[in-house]
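One structure is given below, encoded as structure tokens.
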Amino acid sequence: MPDELRSPIKHHLVLHWIDPEQGIRRFHSLIIEKDLFGTIRLVQCWGRIGTKGQEKVEEYPDEFQAGAALEDVAQAMRQRGCRDL
């Protein structure tokens with residue numbers, strides 16, 4: 001795919017938080033996807049590493065708002081101690 005057709009928005013991000021001393025092994029996955037009907041969704045999955053975890057899905061009117069929401073969630077998780085995988 002030519003570069004001019006690629007979206008400038010990050011569509012997938014995985015964060016993790018591992019602290020062996022406290023027994024913490026967590027993940028947080030953020031994915032922007034478009035379903036078969038064209039709806040833009042931000043899918044968040046989180047939980048302990050090695051488990052299915054929990055999932056939350058939010059719909060957005062466009063890809064840019066979903067991208068901004070992804071960055072907001074990622075920034076909040078980084079402030080809590082998560083690191084990019």
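In the structure tokens, the first chain shown is A, the next is B, and so on; residue numbers restart at 1 for each chain, and ligands run from 1 in the order shown.
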### Message
Using DSSP assignments from the backbone, pull out every residue in chain A that falls under strand (DSSP E or B) and give it to me as an MDAnalysis selection string.
### Response
chainID A and resid 12:19 24:34 40:48 54:60 83:84
### Task
Just list the residues in chain A DSSP gives helix (DSSP H, G or I) on the backbone, as a ChimeraX atom specification.
/A:3-5,63-79
### Message
Restricting the calculation to only C-alpha atoms: of A:Val14, A:Glu59, A:Arg25, A:Ile32, which residue gets closest to Arg78 (chain A)?
### Response
A:Val14
### Message
Report, in Å with one decimal, the straight-line distance from CA of Ile18 (chain A) to CA of Lys56 (chain A).
### Response
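Taking CA of Ile18 (chain A) and CA of Lys56 (chain A), their separation equals 22.1 Å.
Nearest residue to Arg41 (chain A) among A:Cys82, A:Leu13, A:Pro20, A:Pro61 is A:Pro61, counting only C-alpha atoms.
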### Message
Quick one: residues within 10 Å of Glu58 (chain A), only C-alpha atoms, excluding same-chain residues fewer than 2 positions away - as a list in words?
### Response
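The contact residues come out as Ile32, Ile40, Arg41, Leu42, Val43, Gln44, Lys56, Tyr60, Ala66 and Ala69 of chain A.
Using only C-alpha atoms, the smallest distance between any of A:Glu21, A:Glu55, A:Glu63, A:Glu71 and Gly38 (chain A) comes from A:Glu63.
Of the residues under consideration (A:Arg48, A:Gln54, A:Thr39, A:His12), A:Arg48 shows the shortest atom-to-atom contact distance to Ile24 (chain A) when counting only C-alpha atoms.
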### Message
Using only C-alpha atoms for the distances, tell me which of A:Met77, A:His28, A:His11, A:Gln22 is nearest to Ile49 (chain A).
### Response
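Smallest separation from Ile49 (chain A) among the options: A:His28.
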### Query
Which value, in Å to one decimal, gives the distance between CA of Gln75 (chain A) and CA of Cys45 (chain A)?
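The value is 15.7 Å.
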### Between CA of Arg83 (chain A) and CA of Trp17 (chain A), distance in Å (one decimal)
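CA of Trp17 (chain A) lies at a distance of 6.3 Å from CA of Arg83 (chain A).
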